[in-house]
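Engineer: Okay, so here is upload.pdb, and as you'll see once you scroll down, it has PDB, C-alpha atoms.
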```
ATOM      1  CA  MET A  29      -1.945   5.726   8.008  1.00  0.00           C
ATOM      2  CA  ASN A  30      -4.245   6.749  10.855  1.00  0.00           C
ATOM      3  CA  LYS A  31      -6.060   3.408  10.458  1.00  0.00           C
ATOM      4  CA  GLY A  32      -9.206   5.128   9.230  1.00  0.00           C
ATOM      5  CA  THR A  33     -11.675   3.703   6.758  1.00  0.00           C
ATOM      6  CA  VAL A  34     -10.964   4.351   3.087  1.00  0.00           C
ATOM      7  CA  THR A  35     -14.193   4.228   1.111  1.00  0.00           C
ATOM      8  CA  ASN A  36     -13.854   3.137  -2.487  1.00  0.00           C
ATOM      9  CA  SER A  37     -15.477   6.267  -3.855  1.00  0.00           C
ATOM     10  CA  ASP A  38     -15.069   7.584  -7.367  1.00  0.00           C
ATOM     11  CA  VAL A  39     -12.314  10.065  -8.070  1.00  0.00           C
ATOM     12  CA  LEU A  40     -11.921  11.921 -11.331  1.00  0.00           C
ATOM     13  CA  GLY A  41     -15.038  10.526 -12.905  1.00  0.00           C
ATOM     14  CA  ASP A  42     -15.241   6.748 -12.984  1.00  0.00           C
ATOM     15  CA  LYS A  43     -11.918   5.838 -11.364  1.00  0.00           C
ATOM     16  CA  SER A  44     -11.933   3.886  -8.117  1.00  0.00           C
ATOM     17  CA  LEU A  45     -10.040   5.546  -5.244  1.00  0.00           C
ATOM     18  CA  ILE A  46      -8.591   2.247  -4.025  1.00  0.00           C
ATOM     19  CA  MET A  47      -7.541   1.253  -7.551  1.00  0.00           C
ATOM     20  CA  GLN A  48      -5.772   4.617  -7.740  1.00  0.00           C
ATOM     21  CA  LEU A  49      -3.878   3.774  -4.532  1.00  0.00           C
ATOM     22  CA  PHE A  50      -2.730   0.490  -6.071  1.00  0.00           C
ATOM     23  CA  ARG A  51      -1.567   2.334  -9.200  1.00  0.00           C
ATOM     24  CA  GLU A  52       0.269   5.025  -7.232  1.00  0.00           C
ATOM     25  CA  HIS A  53       2.168   2.351  -5.316  1.00  0.00           C
ATOM     26  CA  GLU A  54       2.874   0.364  -8.490  1.00  0.00           C
ATOM     27  CA  ILE A  55       1.057  -2.760  -7.349  1.00  0.00           C
ATOM     28  CA  ALA A  56      -0.253  -4.621 -10.382  1.00  0.00           C
ATOM     29  CA  LEU A  57      -3.548  -6.361  -9.755  1.00  0.00           C
ATOM     30  CA  PRO A  58      -4.802  -9.130 -12.051  1.00  0.00           C
ATOM     31  CA  LEU A  59      -7.520  -7.852 -14.400  1.00  0.00           C
ATOM     32  CA  LYS A  60     -10.233  -9.881 -12.681  1.00  0.00           C
ATOM     33  CA  THR A  61      -9.224  -8.432  -9.308  1.00  0.00           C
ATOM     34  CA  GLN A  62      -9.173  -4.922 -10.764  1.00  0.00           C
ATOM     35  CA  GLY A  63     -12.767  -5.448 -11.895  1.00  0.00           C
ATOM     36  CA  TRP A  64     -13.703  -6.729  -8.440  1.00  0.00           C
ATOM     37  CA  VAL A  65     -12.128  -3.685  -6.756  1.00  0.00           C
ATOM     38  CA  ILE A  66     -13.937  -1.290  -9.101  1.00  0.00           C
ATOM     39  CA  ASN A  67     -17.348  -2.990  -8.963  1.00  0.00           C
ATOM     40  CA  ALA A  68     -17.564  -4.847  -5.648  1.00  0.00           C
ATOM     41  CA  LEU A  69     -15.228  -3.333  -3.055  1.00  0.00           C
ATOM     42  CA  HIS A  70     -16.870  -0.870  -0.683  1.00  0.00           C
ATOM     43  CA  ASP A  71     -13.988   0.025   1.639  1.00  0.00           C
ATOM     44  CA  ILE A  72     -10.785  -0.986   3.368  1.00  0.00           C
ATOM     45  CA  HIS A  73     -10.471  -0.458   7.114  1.00  0.00           C
ATOM     46  CA  TYR A  74      -8.447  -1.412  10.152  1.00  0.00           C
ATOM     47  CA  ASP A  75     -10.251  -4.049  12.193  1.00  0.00           C
ATOM     48  CA  GLU A  76      -9.376  -3.380  15.842  1.00  0.00           C
ATOM     49  CA  ASN A  77     -10.820  -6.737  16.954  1.00  0.00           C
ATOM     50  CA  LYS A  78      -8.575  -8.696  14.590  1.00  0.00           C
ATOM     51  CA  GLY A  79      -5.628  -6.288  14.812  1.00  0.00           C
ATOM     52  CA  ARG A  80      -5.262  -6.152  11.031  1.00  0.00           C
ATOM     53  CA  TRP A  81      -6.546  -4.484   7.889  1.00  0.00           C
ATOM     54  CA  SER A  82      -9.728  -5.803   6.354  1.00  0.00           C
ATOM     55  CA  TYR A  83     -12.312  -4.870   3.730  1.00  0.00           C
ATOM     56  CA  GLN A  84     -16.016  -4.857   2.969  1.00  0.00           C
ATOM     57  CA  TYR A  85     -17.669  -5.575  -0.344  1.00  0.00           C
ATOM     58  CA  TYR A  86     -21.213  -5.165  -1.600  1.00  0.00           C
ATOM     59  CA  ASN A  87     -23.736  -7.959  -0.876  1.00  0.00           C
ATOM     60  CA  LYS A  88     -24.510  -8.391  -4.579  1.00  0.00           C
ATOM     61  CA  SER A  89     -20.925  -9.585  -5.150  1.00  0.00           C
ATOM     62  CA  LYS A  90     -18.891 -12.590  -4.135  1.00  0.00           C
ATOM     63  CA  ASP A  91     -15.759 -12.228  -2.032  1.00  0.00           C
ATOM     64  CA  SER A  92     -12.448 -12.075  -3.861  1.00  0.00           C
ATOM     65  CA  THR A  93     -10.169 -15.055  -3.345  1.00  0.00           C
ATOM     66  CA  VAL A  94      -6.971 -13.004  -3.766  1.00  0.00           C
ATOM     67  CA  PHE A  95      -7.716  -9.406  -2.746  1.00  0.00           C
ATOM     68  CA  PHE A  96      -6.555  -9.759   0.858  1.00  0.00           C
ATOM     69  CA  ALA A  97      -2.994 -10.606  -0.239  1.00  0.00           C
ATOM     70  CA  TYR A  98      -2.919  -7.492  -2.419  1.00  0.00           C
ATOM     71  CA  LEU A  99      -4.362  -5.417   0.419  1.00  0.00           C
ATOM     72  CA  LEU A 100      -1.416  -6.454   2.594  1.00  0.00           C
ATOM     73  CA  LEU A 101       0.969  -5.383  -0.199  1.00  0.00           C
ATOM     74  CA  LEU A 102      -0.768  -2.002  -0.392  1.00  0.00           C
ATOM     75  CA  VAL A 103      -0.611  -1.454   3.370  1.00  0.00           C
ATOM     76  CA  SER A 104       3.087  -2.353   3.352  1.00  0.00           C
ATOM     77  CA  ALA A 105       3.790   0.013   0.445  1.00  0.00           C
ATOM     78  CA  VAL A 106       1.988   2.906   2.137  1.00  0.00           C
ATOM     79  CA  GLN A 107       3.824   2.304   5.410  1.00  0.00           C
ATOM     80  CA  THR A 108       7.178   2.109   3.634  1.00  0.00           C
ATOM     81  CA  LYS A 109       6.491   5.353   1.781  1.00  0.00           C
ATOM     82  CA  GLN A 110       5.516   7.088   5.014  1.00  0.00           C
ATOM     83  CA  GLN A 111       8.653   5.861   6.799  1.00  0.00           C
ATOM     84  CA  PHE A 112      10.795   7.049   3.898  1.00  0.00           C
ATOM     85  CA  GLU A 113       9.157  10.479   3.931  1.00  0.00           C
ATOM     86  CA  GLU A 114       9.559  10.797   7.703  1.00  0.00           C
ATOM     87  CA  MET A 115      13.240   9.916   7.392  1.00  0.00           C
ATOM     88  CA  PHE A 116      13.785  12.888   5.083  1.00  0.00           C
ATOM     89  CA  GLN A 117      11.652  15.440   6.908  1.00  0.00           C
ATOM     90  CA  ASN A 118      14.812  17.255   7.972  1.00  0.00           C
ATOM     91  CA  GLY A 119      14.433  19.204   4.733  1.00  0.00           C
ATOM     92  CA  THR A 120      17.747  18.257   3.181  1.00  0.00           C
ATOM     93  CA  GLY A 121      16.335  15.643   0.857  1.00  0.00           C
ATOM     94  CA  GLU A 122      19.658  13.863   1.174  1.00  0.00           C
ATOM     95  CA  PRO A 123      19.803  10.097   1.628  1.00  0.00           C
ATOM     96  CA  PRO A 124      21.455   8.726   4.763  1.00  0.00           C
ATOM     97  CA  ILE A 125      25.256   8.718   4.762  1.00  0.00           C
ATOM     98  CA  ASP A 126      26.872   5.331   4.078  1.00  0.00           C
ATOM     99  CA  ASN A 127      28.179   3.711   7.219  1.00  0.00           C
ATOM    100  CA  PHE A 128      31.373   2.403   5.607  1.00  0.00           C
ATOM    101  CA  THR A 129      34.558   3.094   7.478  1.00  0.00           C
ATOM    102  CA  GLU A 130      37.747   3.840   5.630  1.00  0.00           C
ATOM    103  CA  GLU A 131      38.922   0.268   6.219  1.00  0.00           C
ATOM    104  CA  GLU A 132      35.787  -1.159   4.632  1.00  0.00           C
ATOM    105  CA  ASN A 133      35.246  -1.491   0.954  1.00  0.00           C
ATOM    106  CA  GLU A 134      32.162  -2.636  -0.895  1.00  0.00           C
ATOM    107  CA  ASP A 135      34.285  -5.387  -2.451  1.00  0.00           C
ATOM    108  CA  ASP A 136      34.931  -6.795   1.034  1.00  0.00           C
ATOM    109  CA  ILE A 137      31.261  -7.278   1.818  1.00  0.00           C
ATOM    110  CA  GLU A 138      29.818 -10.748   1.326  1.00  0.00           C
ATOM    111  CA  ILE A 139      26.363 -11.028  -0.152  1.00  0.00           C
TER     112      ILE A 139
END
```
Could you render the structure as structure tokens?
Structural biologist:
Amino acid sequence: MNKGTVTNSDVLGDKSLIMQLFREHEIALPLKTQGWVINALHDIHYDENKGRWSYQYYNKSKDSTVFFAYLLLLVSAVQTKQQFEEMFQNGTGEPPIDNFTEEENEDDIEI
């Protein structure tokens, strides 16, 4: 969240840190992309020049044709989780109160 570099180091033996982030945020990568993340991805980082998230991979590997789209999903999921946690930092753990007035009814709302 601080736009620092996340290196794809091993955690708990042979598990990729970035793959673990995808799992924790329930983002399903295709098997081929999972293999690319585990074997080729070096890091993800915020590119100040481009104003967006980017990644680096090892020279011995080819670039992934689909990883960037999944990276954007991961960034969005992390940001959403952080916003949700900040919303409930008041310690109550209660969701926001519905903004229905007494005159309103869920049946009256058009979808």
Engineer: What's the separation between atom CA of A:Asn36 and atom CA of A:Tyr74, in Å to one decimal place?
Structural biologist: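 We find that atom CA of A:Asn36 and atom CA of A:Tyr74 lie 14.5 Å from each other.
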Engineer: So how many Å separate atom CA of A:Ala97 and atom CA of A:Leu59, to one decimal?
Structural biologist: 15.1 Å
Engineer: What's the 12 Å shell around A:Leu69, counting all atoms listed in the file, without same-chain residues fewer than 3 positions away, as a ChimeraX atom specification?
Structural biologist: /A:34-38,44-47,61-66,72-73,82-92,95-96,99
Engineer: Taking only C-alpha atoms into account, which of A:Gly32, A:Arg51, A:Ala105, A:Leu100 comes nearest A:Asp75?
Structural biologist: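 Among A:Gly32, A:Arg51, A:Ala105, A:Leu100, it is A:Gly32 that comes nearest to A:Asp75.
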Engineer: In Å, with one decimal, what is the gap from atom CA of A:Val94 to atom CA of A:Ala56?
Structural biologist: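 A separation of 12.6 Å between them.
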Engineer: Could you write out as lines of an AutoDock Vina configuration file the box around stretch 101-104 of chain A (axis-aligned, all atoms listed in the file, 3 Å on each side), with centre and edge lengths in Å to one decimal?
Structural biologist:
```
center_x = 1.2
center_y = -3.4
center_z = 1.5
size_x = 9.9
size_y = 9.9
size_z = 9.8
```
Engineer: Between A:Val103, A:Gln48, A:Thr108, A:Leu57, which has the minimum distance to A:Arg80 (counting all atoms listed in the file)?
Structural biologist: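 Going through A:Val103, A:Gln48, A:Thr108, A:Leu57 one by one, the smallest distance to A:Arg80 is for A:Val103.
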Engineer: Check the smallest atom-to-atom distance from each of A:Lys60, A:His70, A:Lys78, A:Phe50 to A:Thr33 using all atoms listed in the file, then report the winner.
Structural biologist: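 Between A:Lys60, A:His70, A:Lys78, A:Phe50, the residue approaching A:Thr33 most closely is A:His70.
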Engineer: Counting all atoms listed in the file, which residue out of A:Thr93, A:Asn77, A:Asn67, A:Asn30 sits closest to A:Gln107?
Structural biologist: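 Closest residue, counting all atoms listed in the file: A:Asn30.
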